[in-house]
Protein chains: 4
Amino acid sequence: MQRLKSKFDAFRHRTNVVIYGTNTASGRLFDLILLGVILLSVVIVMLETVKGFDTKYHQQLIVLEWIITIFFTLEYILRIISIKKPIKYIFSFYGIIDLIATLPMYFSLFFVGTSVLTVVRALRLLRLFKILKHPQFSSQSTHLKEALIASRGKILIFIYFMLISSVIIGSVMYIVEGKEGGFTSIPISIYWTIVTLTTVGYGDISPITPLGQAIASVVMIMGYGIIAVPTGIVSAEFANSNRTKLRAERINPCTVCGTEGHEHNAKYCYHCGAEL
Amino acid sequence: MQRLKSKFDAFRHRTNVVIYGTNTASGRLFDLILLGVILLSVVIVMLETVKGFDTKYHQQLIVLEWIITIFFTLEYILRIISIKKPIKYIFSFYGIIDLIATLPMYFSLFFVGTSVLTVVRALRLLRLFKILKHPQFSSQSTHLKEALIASRGKILIFIYFMLISSVIIGSVMYIVEGKEGGFTSIPISIYWTIVTLTTVGYGDISPITPLGQAIASVVMIMGYGIIAVPTGIVSAEFANSNRTKLRAERINPCTVCGTEGHEHNAKYCYHCGAEL
Amino acid sequence: MQRLKSKFDAFRHRTNVVIYGTNTASGRLFDLILLGVILLSVVIVMLETVKGFDTKYHQQLIVLEWIITIFFTLEYILRIISIKKPIKYIFSFYGIIDLIATLPMYFSLFFVGTSVLTVVRALRLLRLFKILKHPQFSSQSTHLKEALIASRGKILIFIYFMLISSVIIGSVMYIVEGKEGGFTSIPISIYWTIVTLTTVGYGDISPITPLGQAIASVVMIMGYGIIAVPTGIVSAEFANSNRTKLRAERINPCTVCGTEGHEHNAKYCYHCGAEL
Amino acid sequence: MQRLKSKFDAFRHRTNVVIYGTNTASGRLFDLILLGVILLSVVIVMLETVKGFDTKYHQQLIVLEWIITIFFTLEYILRIISIKKPIKYIFSFYGIIDLIATLPMYFSLFFVGTSVLTVVRALRLLRLFKILKHPQFSSQSTHLKEALIASRGKILIFIYFMLISSVIIGSVMYIVEGKEGGFTSIPISIYWTIVTLTTVGYGDISPITPLGQAIASVVMIMGYGIIAVPTGIVSAEFANSNRTKLRAERINPCTVCGTEGHEHNAKYCYHCGAEL
């Protein structure tokens, strides 16, 4: 009994290294295979929704679906078994996604039509963002993330402003245009306003009265102009963090206390006063 | 009589604190409730315009409408009573909006069909911008506002340029395209030009003659290119104000030699070595 | 005879001051009236193309048209008479526009249907750009112009790149999509490429084959991404000229030789070596 | 025999100078003629696809096509003959393009309908990018290229993020919208997501359910906002390289005290007053 347990423990340890490890060869290989299978599963789900393709290869796609489902199920079970705190994994963000990525196929055995839910597997693609932690990209993506976090406050105010403007403009357009132009309700009018403000412009709804077109023109110029705001915020933030990085590189350390970051023309250390 | 007046004065004072106060607990609570009711009133007006929903719950929506109208009316009366200079409030921007937000429902008792005007309540959403004065956002929104004000002059010149260009290009397209492509009048052609210059592109009107498409291509590339102008202006302004803020934080002059620009955590002058 | 000539000379001089002067009260008044009449003439031409309006007020519009035409004709003649070198004005940019703004109405007396050419009057709107020379705007518009001129070279390279890309992508799409999606010829396909690259997206032509949609996706992401290029160029140029202006303001002149633009921590004049 | 060979060598040399030379007058003339013929060939291919034009001038276009094909064939042969390492040219990027630009016409003699492939000649337009190596543009285009290369990493991460988001959002929209709105398969839904995220917005597919429109609104605001990211990256990079250039121009150190950062026209050190 004891031997069985120690054997199981060894198995758990080895599995943990393979599944969660990122520094070992086997761990990296598993990551690569997993990403490959995730991509494959997404491609299969996509192809199933393409009518011409599905009717031709329905059988093969179903078989592949089941193989992937079983692979994902095994992976899920091994992840639970091999980790120290299974509860933490099960209720983590990725844990929940991993679970709901396997369920739809089993459901489809009992309920007809639920196989369409396999598309939730696309969520497993989020694991692909792990690649950004790779040393080659991490400094760049950290830089990106920092600039976005620094401009978060201003961006939120901007979106807040956009949403309130959309509701007000949408309400005005609902009264001005009426049902003929497609402005059948205020929510639809707000939808139109967002389509216009963001310069997407589907054209499924578009004003037909002169006054409506005049207001639309103002909204368009507004949308065209205020795109400058988020862009300006993020640009300034990037320029800022570039400058900060530059300054950090201009380290020029003090030989006495080791403080870095002196101006290139500094004669004395700003920390201990020693001559540089 | 005197007692009644003093009682009324006390009531006025208390009401003033609740309605106009922003530093007291009761004042803040009132603001929160008011914003909630405004949001609710806007949602109700929206739902009324959604046919499927309105036919089902027409009765309930009308009742809610009246409750909100009475709440807004009471608020309006209390605002007038409790303030020192009622005239100033009545003719202020928010005073007028507060009034026209309550009127349509009363009008609808006498004139059929005017209940549609309740959508003007959406204007009360402008009160939501008050949130930007909240300490958490105020520095950010001040920063935003300053950058926009600083670039105001250039933005105006830019819009001026866009409008004149739109009229000229619109007139040219009216002659080139004629009625078949949908360019039925010059104002419509100008509308099309703005739709194209701002890269919205509904597609309700689009050129069909080769020459028209060639001109449209030029307009599009123009619009695609000159979006750089407002963006560049605002970006530069943001970068500028970022830098100014940074420099202001770093001016920190030495009391001995007067050299400025020390880091905020500098203990010694980098020029003469004197303690800061 | 001599007296007549001197009288005519005095008249010429007075007219010149009124028409070409920008510093005298009468000159400024004339400019204002002229701009007003130009705006009015454009509005009238616009209204003539709006069917509902034209049928109602055709007679009045024609009368106004003639009044404006005669005003423009007189202005044109006076401009020629009062200037020293009439030839120079006649063949100048504005001279030609001023002439072709009056001709169509006279033509319409002999040729039916040429009155539509009165829309060329919209070109006189270009005179409205004169306002940018007004002291209130001139520094701003100079700043704008300088930044655009500085980035001219890069913008040209960018447009050159866009055009060649459009031709190549358009040709590829013509083969891939064929006639069904609306890609009936290569010029049309190039037009579609520009519509897509600039993110305008009318939707009058849109790919329907899977391969075509895949290529279109790449083109869209390309267009979405490379808008960063002109924006980046102009932003950097603006930031640059802002900085230059800032430095110019930090004049700090030398008391000996008067050279300006010293760094704020400079001890000696960089031009003459005198202590500051 | 020997004489013939030396004659041929002289011919090869002369041809090489003309075809590959860029510093000689004859070389530059050849480049100009070649670019002209390439442009002409592209215009002819374009015109052939315009039905109205082709039916009228079919004969003439075919003749011109053959003349250009023979010119291109001769050029190709001469390029191989006159270069030292023909293999290297044949398998180079331009070598392959030069070949496939001539083949379709010869193929059309044996296979009906292959003349449509002459559009691949548009690829020869890539030779027009050679103009960017011209001294007048080279510094500008180098500047552009450097900024783009510097921001390459971030741009790639950004596109990676866009693609994964598109797949996930596309899958969600496929379930939410179903077939009625045009979301007939997941690939089509992904195509729609890219059309929307990039703010192109054709409108051939657009959501019709309230939930779909709500998600679409979020996607649009997302797309409208995140355009700030590539723009910000490139702007910062441009500003950076501008600054670096500026600083490089200003480093100019004092030979006595070593202080750097003198203006380019400084005669005396601003720190110690020594002559520069």
# chains A, B, ... in the order shown; residues from 1 in each chain; ligands from 1

call {"tool": "interface_residues", "arguments": {"of": "chain C", "to": "chain A", "cutoff": "10 Å", "atoms": "only C-alpha atoms", "output": "ChimeraX atom specification"}}
result
/C:199-203,228,231-232,235-236,239

call {"tool": "residues_around", "arguments": {"residues": "Met46 (chain D)", "least_positions_apart": "3", "cutoff": "10 Å", "atoms": "only C-alpha atoms", "output": "number ranges by chain"}}
result
C: 167, 171, 185-190; D: 40-43, 49-50, 54, 118-119, 122

call {"tool": "write_last_selection", "arguments": {"atoms": "all heavy atoms", "output": "compact mmCIF listing (two decimals), in the first residue's frame"}}
result
# COMPACT_ATOMS: atom_id res chain seq x y z
N VAL C 167 -2.38 49.08 -56.21
CA VAL C 167 -2.41 48.51 -57.56
C VAL C 167 -2.13 47.00 -57.48
O VAL C 167 -2.85 46.19 -58.09
CB VAL C 167 -1.38 49.20 -58.48
CG1 VAL C 167 -1.31 48.50 -59.83
CG2 VAL C 167 -1.74 50.66 -58.67
N SER C 171 -4.94 44.14 -58.19
CA SER C 171 -4.79 43.14 -59.26
C SER C 171 -5.00 41.74 -58.71
O SER C 171 -5.68 40.91 -59.34
CB SER C 171 -3.39 43.25 -59.88
OG SER C 171 -3.16 44.55 -60.36
N SER C 185 -13.37 44.92 -62.80
CA SER C 185 -12.18 45.29 -63.55
C SER C 185 -11.08 45.65 -62.57
O SER C 185 -11.36 45.85 -61.37
CB SER C 185 -12.48 46.48 -64.47
OG SER C 185 -12.65 47.64 -63.71
N ILE C 186 -9.85 45.75 -63.05
CA ILE C 186 -8.76 46.08 -62.13
C ILE C 186 -8.92 47.48 -61.54
O ILE C 186 -8.76 47.65 -60.33
CB ILE C 186 -7.38 45.89 -62.80
CG1 ILE C 186 -7.15 44.40 -63.07
CG2 ILE C 186 -6.27 46.44 -61.92
CD1 ILE C 186 -5.80 44.07 -63.66
N PRO C 187 -9.27 48.51 -62.34
CA PRO C 187 -9.45 49.83 -61.71
C PRO C 187 -10.47 49.79 -60.58
O PRO C 187 -10.27 50.40 -59.53
CB PRO C 187 -9.92 50.71 -62.87
CG PRO C 187 -9.33 50.07 -64.08
CD PRO C 187 -9.35 48.59 -63.80
N ILE C 188 -11.57 49.02 -60.78
CA ILE C 188 -12.57 48.90 -59.71
C ILE C 188 -11.96 48.21 -58.49
O ILE C 188 -12.23 48.59 -57.34
CB ILE C 188 -13.80 48.11 -60.23
CG1 ILE C 188 -14.63 48.95 -61.18
CG2 ILE C 188 -14.65 47.59 -59.07
CD1 ILE C 188 -15.60 49.89 -60.50
N SER C 189 -11.13 47.20 -58.75
CA SER C 189 -10.50 46.48 -57.64
C SER C 189 -9.54 47.39 -56.87
O SER C 189 -9.44 47.31 -55.64
CB SER C 189 -9.73 45.27 -58.16
OG SER C 189 -10.60 44.35 -58.75
N ILE C 190 -8.85 48.26 -57.61
CA ILE C 190 -7.95 49.21 -56.96
C ILE C 190 -8.76 50.18 -56.11
O ILE C 190 -8.40 50.48 -54.97
CB ILE C 190 -7.10 49.96 -58.01
CG1 ILE C 190 -6.15 48.98 -58.69
CG2 ILE C 190 -6.33 51.11 -57.37
CD1 ILE C 190 -5.42 49.56 -59.88
N LEU D 40 3.38 51.48 -68.15
CA LEU D 40 2.56 51.31 -69.35
C LEU D 40 1.94 49.92 -69.37
O LEU D 40 0.75 49.75 -69.65
CB LEU D 40 3.42 51.53 -70.59
CG LEU D 40 2.66 51.45 -71.93
CD1 LEU D 40 1.79 52.67 -72.10
CD2 LEU D 40 3.64 51.33 -73.10
N SER D 41 2.77 48.90 -69.06
CA SER D 41 2.26 47.52 -69.10
C SER D 41 1.14 47.33 -68.09
O SER D 41 0.16 46.65 -68.35
CB SER D 41 3.40 46.52 -68.84
OG SER D 41 3.68 46.41 -67.47
N VAL D 42 1.28 47.96 -66.90
CA VAL D 42 0.24 47.83 -65.88
C VAL D 42 -1.04 48.53 -66.35
O VAL D 42 -2.15 48.00 -66.20
CB VAL D 42 0.73 48.41 -64.54
CG1 VAL D 42 -0.42 48.52 -63.55
CG2 VAL D 42 1.83 47.54 -63.96
N VAL D 43 -0.88 49.71 -66.95
CA VAL D 43 -2.04 50.44 -67.45
C VAL D 43 -2.76 49.62 -68.51
O VAL D 43 -3.99 49.52 -68.52
CB VAL D 43 -1.62 51.82 -68.01
CG1 VAL D 43 -2.78 52.47 -68.76
CG2 VAL D 43 -1.15 52.71 -66.88
N THR D 49 -9.11 44.88 -68.67
CA THR D 49 -10.17 44.35 -67.81
C THR D 49 -11.41 45.25 -67.80
O THR D 49 -12.44 44.87 -67.26
CB THR D 49 -9.68 44.16 -66.36
OG1 THR D 49 -9.44 45.46 -65.79
CG2 THR D 49 -8.42 43.33 -66.30
N VAL D 50 -11.26 46.47 -68.36
CA VAL D 50 -12.42 47.36 -68.45
C VAL D 50 -13.18 47.01 -69.73
O VAL D 50 -12.71 47.29 -70.83
CB VAL D 50 -11.99 48.85 -68.46
CG1 VAL D 50 -13.22 49.75 -68.52
CG2 VAL D 50 -11.15 49.16 -67.25
N ASP D 54 -12.06 47.51 -73.64
CA ASP D 54 -11.43 46.34 -74.28
C ASP D 54 -12.11 45.97 -75.59
O ASP D 54 -11.44 45.68 -76.59
CB ASP D 54 -11.46 45.16 -73.32
CG ASP D 54 -10.64 43.99 -73.83
OD1 ASP D 54 -9.48 44.23 -74.23
OD2 ASP D 54 -11.15 42.86 -73.85
N THR D 118 -1.54 37.94 -66.96
CA THR D 118 -0.61 39.04 -67.20
C THR D 118 -0.68 40.07 -66.08
O THR D 118 0.22 40.90 -65.96
CB THR D 118 -0.91 39.74 -68.54
OG1 THR D 118 -2.30 40.01 -68.60
CG2 THR D 118 -0.49 38.89 -69.71
N VAL D 119 -1.74 40.00 -65.25
CA VAL D 119 -1.84 40.97 -64.16
C VAL D 119 -0.69 40.82 -63.18
O VAL D 119 -0.39 41.74 -62.42
CB VAL D 119 -3.17 40.86 -63.38
CG1 VAL D 119 -4.35 41.11 -64.29
CG2 VAL D 119 -3.30 39.55 -62.68
N ALA D 122 1.86 43.47 -62.42
CA ALA D 122 1.74 44.53 -61.40
C ALA D 122 2.85 44.39 -60.37
O ALA D 122 3.30 45.37 -59.78
CB ALA D 122 0.38 44.46 -60.73

call {"tool": "residues_around", "arguments": {"residues": "region 124-136 of chain C", "least_positions_apart": "4", "cutoff": "7 Å", "atoms": "only C-alpha atoms", "output": "ChimeraX atom specification"}}
result
/B:164 /C:35,38,97-98,141

call {"tool": "write_last_selection", "arguments": {"atoms": "N, CA and C atoms", "output": "PDB file, in the first residue's frame"}}
result
ATOM      1  N   ILE B 164     -14.728  73.667 -45.435  1.00  0.00           N
ATOM      2  CA  ILE B 164     -14.598  74.308 -46.747  1.00  0.00           C
ATOM      3  C   ILE B 164     -14.256  73.261 -47.806  1.00  0.00           C
TER       4      ILE B 164
ATOM      5  N   LEU C  35     -16.933  88.069 -48.385  1.00  0.00           N
ATOM      6  CA  LEU C  35     -17.050  86.724 -47.849  1.00  0.00           C
ATOM      7  C   LEU C  35     -18.525  86.356 -47.661  1.00  0.00           C
ATOM      8  N   ILE C  38     -20.020  85.606 -51.040  1.00  0.00           N
ATOM      9  CA  ILE C  38     -19.540  84.304 -51.508  1.00  0.00           C
ATOM     10  C   ILE C  38     -20.315  83.185 -50.816  1.00  0.00           C
ATOM     11  N   ILE C  97     -10.084  81.979 -60.811  1.00  0.00           N
ATOM     12  CA  ILE C  97     -11.280  81.519 -60.089  1.00  0.00           C
ATOM     13  C   ILE C  97     -12.354  82.601 -60.117  1.00  0.00           C
ATOM     14  N   ASP C  98     -11.940  83.868 -59.889  1.00  0.00           N
ATOM     15  CA  ASP C  98     -12.915  84.965 -59.885  1.00  0.00           C
ATOM     16  C   ASP C  98     -13.626  85.059 -61.228  1.00  0.00           C
ATOM     17  N   SER C 141      -1.792  78.710 -37.335  1.00  0.00           N
ATOM     18  CA  SER C 141      -1.815  78.078 -38.651  1.00  0.00           C
ATOM     19  C   SER C 141      -0.396  77.977 -39.223  1.00  0.00           C
TER      20      SER C 141
END

call {"tool": "atom_distance", "arguments": {"atom1": "CA of Gly170 (chain B)", "atom2": "CA of Val45 (chain C)"}}
result
12.1 Å

call {"tool": "select_by_dssp", "arguments": {"residues": "region 23-244 of chain D", "states": "helix (DSSP H, G or I)", "output": "MDAnalysis selection string"}}
result
chainID D and resid 25:49 51:82 86:90 93:100 103:110 114:133 135:150 152:177 186:197 210:226 228:244

call {"tool": "atom_distance", "arguments": {"atom1": "CA of Phe107 (chain A)", "atom2": "CA of Ile175 (chain D)"}}
result
16.8 Å

call {"tool": "closest_residue", "arguments": {"among": "A:Leu103, A:Leu123, A:Gln59, A:Ile44", "to": "Ser165 (chain D)", "atoms": "only C-alpha atoms"}}
result
A:Leu123

call {"tool": "residues_around", "arguments": {"residues": "region 76-80 of chain C", "least_positions_apart": "2", "cutoff": "8 Å", "atoms": "only C-alpha atoms", "output": "count of residues only"}}
result
13

call {"tool": "closest_residue", "arguments": {"among": "C:Val116, C:Phe30, C:Ser92, C:Pro104", "to": "Glu48 (chain C)", "atoms": "only C-alpha atoms"}}
result
C:Val116

call {"tool": "residues_around", "arguments": {"residues": "Tyr191 (chain A)", "least_positions_apart": "3", "cutoff": "12 Å", "atoms": "only C-alpha atoms", "output": "PyMOL selection string"}}
result
(chain A and resi 163+165-171+173-174+182-188+194-198+200-206) or (chain D and resi 206-221)

call {"tool": "write_last_selection", "arguments": {"atoms": "N, CA and C atoms", "output": "short mmCIF file (atom, residue, chain, number, x, y, z; two decimals), in the first residue's frame"}}
result
data_model
loop_
_atom_site.label_atom_id
_atom_site.label_comp_id
_atom_site.auth_asym_id
_atom_site.auth_seq_id
_atom_site.Cartn_x
_atom_site.Cartn_y
_atom_site.Cartn_z
N LEU A 163 -19.92 57.14 -24.02
CA LEU A 163 -21.17 56.44 -23.78
C LEU A 163 -22.30 57.42 -23.50
N SER A 165 -22.43 60.58 -24.37
CA SER A 165 -22.69 61.28 -25.64
C SER A 165 -23.55 60.41 -26.55
N SER A 166 -23.24 59.12 -26.61
CA SER A 166 -23.98 58.22 -27.49
C SER A 166 -25.45 58.17 -27.10
N VAL A 167 -25.73 58.10 -25.79
CA VAL A 167 -27.13 58.03 -25.35
C VAL A 167 -27.85 59.31 -25.71
N ILE A 168 -27.20 60.46 -25.47
CA ILE A 168 -27.86 61.74 -25.76
C ILE A 168 -28.06 61.90 -27.27
N ILE A 169 -27.01 61.69 -28.05
CA ILE A 169 -27.12 61.85 -29.51
C ILE A 169 -28.12 60.83 -30.06
N GLY A 170 -28.07 59.59 -29.55
CA GLY A 170 -28.99 58.56 -30.01
C GLY A 170 -30.44 58.98 -29.79
N SER A 171 -30.72 59.55 -28.62
CA SER A 171 -32.09 59.98 -28.31
C SER A 171 -32.53 61.09 -29.26
N MET A 173 -31.39 61.67 -32.31
CA MET A 173 -31.58 61.12 -33.65
C MET A 173 -32.89 60.33 -33.74
N TYR A 174 -33.29 59.68 -32.65
CA TYR A 174 -34.55 58.92 -32.66
C TYR A 174 -35.72 59.84 -32.95
N GLY A 182 -34.61 53.83 -40.23
CA GLY A 182 -34.14 52.64 -39.54
C GLY A 182 -33.94 52.89 -38.05
N PHE A 183 -34.21 54.13 -37.62
CA PHE A 183 -34.05 54.47 -36.20
C PHE A 183 -35.32 54.08 -35.45
N THR A 184 -35.57 52.76 -35.35
CA THR A 184 -36.88 52.28 -34.85
C THR A 184 -37.03 52.38 -33.34
N SER A 185 -35.92 52.46 -32.59
CA SER A 185 -36.01 52.61 -31.14
C SER A 185 -34.77 53.34 -30.65
N ILE A 186 -34.78 53.80 -29.41
CA ILE A 186 -33.61 54.52 -28.91
C ILE A 186 -32.38 53.61 -28.82
N PRO A 187 -32.51 52.37 -28.30
CA PRO A 187 -31.32 51.52 -28.29
C PRO A 187 -30.70 51.36 -29.67
N ILE A 188 -31.55 51.21 -30.70
CA ILE A 188 -31.03 51.11 -32.07
C ILE A 188 -30.32 52.41 -32.46
N ILE A 194 -22.93 54.82 -31.98
CA ILE A 194 -21.62 54.22 -31.74
C ILE A 194 -20.98 53.81 -33.06
N VAL A 195 -21.79 53.21 -33.96
CA VAL A 195 -21.28 52.83 -35.28
C VAL A 195 -20.69 54.05 -36.00
N THR A 196 -21.33 55.22 -35.80
CA THR A 196 -20.88 56.42 -36.50
C THR A 196 -19.70 57.09 -35.80
N LEU A 197 -19.80 57.22 -34.47
CA LEU A 197 -18.73 57.88 -33.70
C LEU A 197 -17.40 57.16 -33.87
N THR A 198 -17.46 55.83 -33.94
CA THR A 198 -16.22 55.07 -34.05
C THR A 198 -15.75 54.99 -35.51
N VAL A 200 -16.96 53.37 -37.88
CA VAL A 200 -17.15 52.07 -38.52
C VAL A 200 -18.09 52.23 -39.71
N GLY A 201 -19.30 52.73 -39.45
CA GLY A 201 -20.22 53.05 -40.55
C GLY A 201 -20.67 51.88 -41.39
N TYR A 202 -21.47 50.95 -40.81
CA TYR A 202 -21.98 49.83 -41.60
C TYR A 202 -22.87 50.31 -42.74
N GLY A 203 -23.75 51.25 -42.43
CA GLY A 203 -24.71 51.69 -43.43
C GLY A 203 -26.01 50.91 -43.40
N ASP A 204 -26.16 49.96 -42.43
CA ASP A 204 -27.45 49.27 -42.32
C ASP A 204 -28.53 50.24 -41.85
N ILE A 205 -28.11 51.21 -41.02
CA ILE A 205 -29.00 52.30 -40.62
C ILE A 205 -28.27 53.58 -41.03
N SER A 206 -28.95 54.47 -41.74
CA SER A 206 -28.31 55.75 -42.06
C SER A 206 -29.39 56.80 -42.23
N SER D 206 -24.07 42.49 -40.76
CA SER D 206 -24.17 43.35 -39.57
C SER D 206 -25.19 42.74 -38.63
N PRO D 207 -24.94 42.86 -37.32
CA PRO D 207 -25.78 42.19 -36.33
C PRO D 207 -27.20 42.74 -36.33
N ILE D 208 -28.19 41.87 -36.08
CA ILE D 208 -29.57 42.34 -36.03
C ILE D 208 -30.25 42.07 -34.69
N THR D 209 -29.66 41.18 -33.86
CA THR D 209 -30.26 40.94 -32.55
C THR D 209 -29.73 42.00 -31.57
N PRO D 210 -30.53 42.37 -30.57
CA PRO D 210 -30.08 43.37 -29.59
C PRO D 210 -28.76 42.98 -28.93
N LEU D 211 -28.64 41.69 -28.50
CA LEU D 211 -27.41 41.27 -27.85
C LEU D 211 -26.23 41.39 -28.82
N GLY D 212 -26.45 40.96 -30.07
CA GLY D 212 -25.39 41.07 -31.07
C GLY D 212 -24.95 42.50 -31.27
N GLN D 213 -25.93 43.40 -31.31
CA GLN D 213 -25.59 44.82 -31.50
C GLN D 213 -24.85 45.38 -30.30
N ALA D 214 -25.21 44.89 -29.10
CA ALA D 214 -24.50 45.33 -27.90
C ALA D 214 -23.05 44.87 -27.95
N ILE D 215 -22.84 43.60 -28.29
CA ILE D 215 -21.46 43.09 -28.39
C ILE D 215 -20.71 43.87 -29.48
N ALA D 216 -21.39 44.09 -30.62
CA ALA D 216 -20.78 44.84 -31.71
C ALA D 216 -20.34 46.22 -31.23
N SER D 217 -21.17 46.87 -30.41
CA SER D 217 -20.82 48.20 -29.89
C SER D 217 -19.52 48.14 -29.09
N VAL D 218 -19.42 47.10 -28.24
CA VAL D 218 -18.20 46.95 -27.44
C VAL D 218 -17.00 46.74 -28.37
N VAL D 219 -17.17 45.89 -29.38
CA VAL D 219 -16.08 45.62 -30.32
C VAL D 219 -15.65 46.90 -31.02
N MET D 220 -16.66 47.72 -31.41
CA MET D 220 -16.34 48.97 -32.11
C MET D 220 -15.55 49.92 -31.24
N ILE D 221 -16.02 50.10 -29.99
CA ILE D 221 -15.32 51.02 -29.08
C ILE D 221 -13.91 50.49 -28.82
#

call {"tool": "decode", "arguments": {"residues": "region 8-20 of chain A", "atoms": "N, CA and C atoms", "output": "mmCIF file, in the first residue's frame"}}
result
data_model
loop_
_atom_site.group_PDB
_atom_site.id
_atom_site.type_symbol
_atom_site.label_atom_id
_atom_site.label_comp_id
_atom_site.auth_asym_id
_atom_site.auth_seq_id
_atom_site.Cartn_x
_atom_site.Cartn_y
_atom_site.Cartn_z
ATOM 1 N N PHE A 8 2.513 6.496 -6.779
ATOM 2 C CA PHE A 8 1.542 7.484 -7.246
ATOM 3 C C PHE A 8 2.100 8.904 -7.073
ATOM 4 N N ASP A 9 2.775 9.107 -5.929
ATOM 5 C CA ASP A 9 3.384 10.408 -5.675
ATOM 6 C C ASP A 9 4.429 10.736 -6.733
ATOM 7 N N ALA A 10 5.238 9.750 -7.050
ATOM 8 C CA ALA A 10 6.255 9.951 -8.087
ATOM 9 C C ALA A 10 5.580 10.284 -9.416
ATOM 10 N N PHE A 11 4.501 9.569 -9.733
ATOM 11 C CA PHE A 11 3.752 9.831 -10.964
ATOM 12 C C PHE A 11 3.204 11.259 -10.960
ATOM 13 N N ARG A 12 2.624 11.643 -9.804
ATOM 14 C CA ARG A 12 2.086 12.997 -9.670
ATOM 15 C C ARG A 12 3.169 14.037 -9.908
ATOM 16 N N HIS A 13 4.352 13.761 -9.292
ATOM 17 C CA HIS A 13 5.434 14.720 -9.441
ATOM 18 C C HIS A 13 5.860 14.855 -10.898
ATOM 19 N N ARG A 14 6.033 13.673 -11.539
ATOM 20 C CA ARG A 14 6.453 13.711 -12.934
ATOM 21 C C ARG A 14 5.423 14.438 -13.809
ATOM 22 N N THR A 15 4.147 14.133 -13.567
ATOM 23 C CA THR A 15 3.079 14.783 -14.334
ATOM 24 C C THR A 15 3.116 16.293 -14.119
ATOM 25 N N ASN A 16 3.273 16.688 -12.859
ATOM 26 C CA ASN A 16 3.325 18.122 -12.540
ATOM 27 C C ASN A 16 4.425 18.815 -13.341
ATOM 28 N N VAL A 17 5.598 18.168 -13.370
ATOM 29 C CA VAL A 17 6.722 18.761 -14.095
ATOM 30 C C VAL A 17 6.377 18.948 -15.571
ATOM 31 N N VAL A 18 5.726 17.919 -16.138
ATOM 32 C CA VAL A 18 5.388 17.981 -17.569
ATOM 33 C C VAL A 18 4.330 19.039 -17.837
ATOM 34 N N ILE A 19 3.268 19.027 -17.036
ATOM 35 C CA ILE A 19 2.126 19.899 -17.329
ATOM 36 C C ILE A 19 2.370 21.345 -16.918
ATOM 37 N N TYR A 20 2.872 21.551 -15.711
ATOM 38 C CA TYR A 20 3.024 22.917 -15.239
ATOM 39 C C TYR A 20 4.415 23.493 -15.467
#
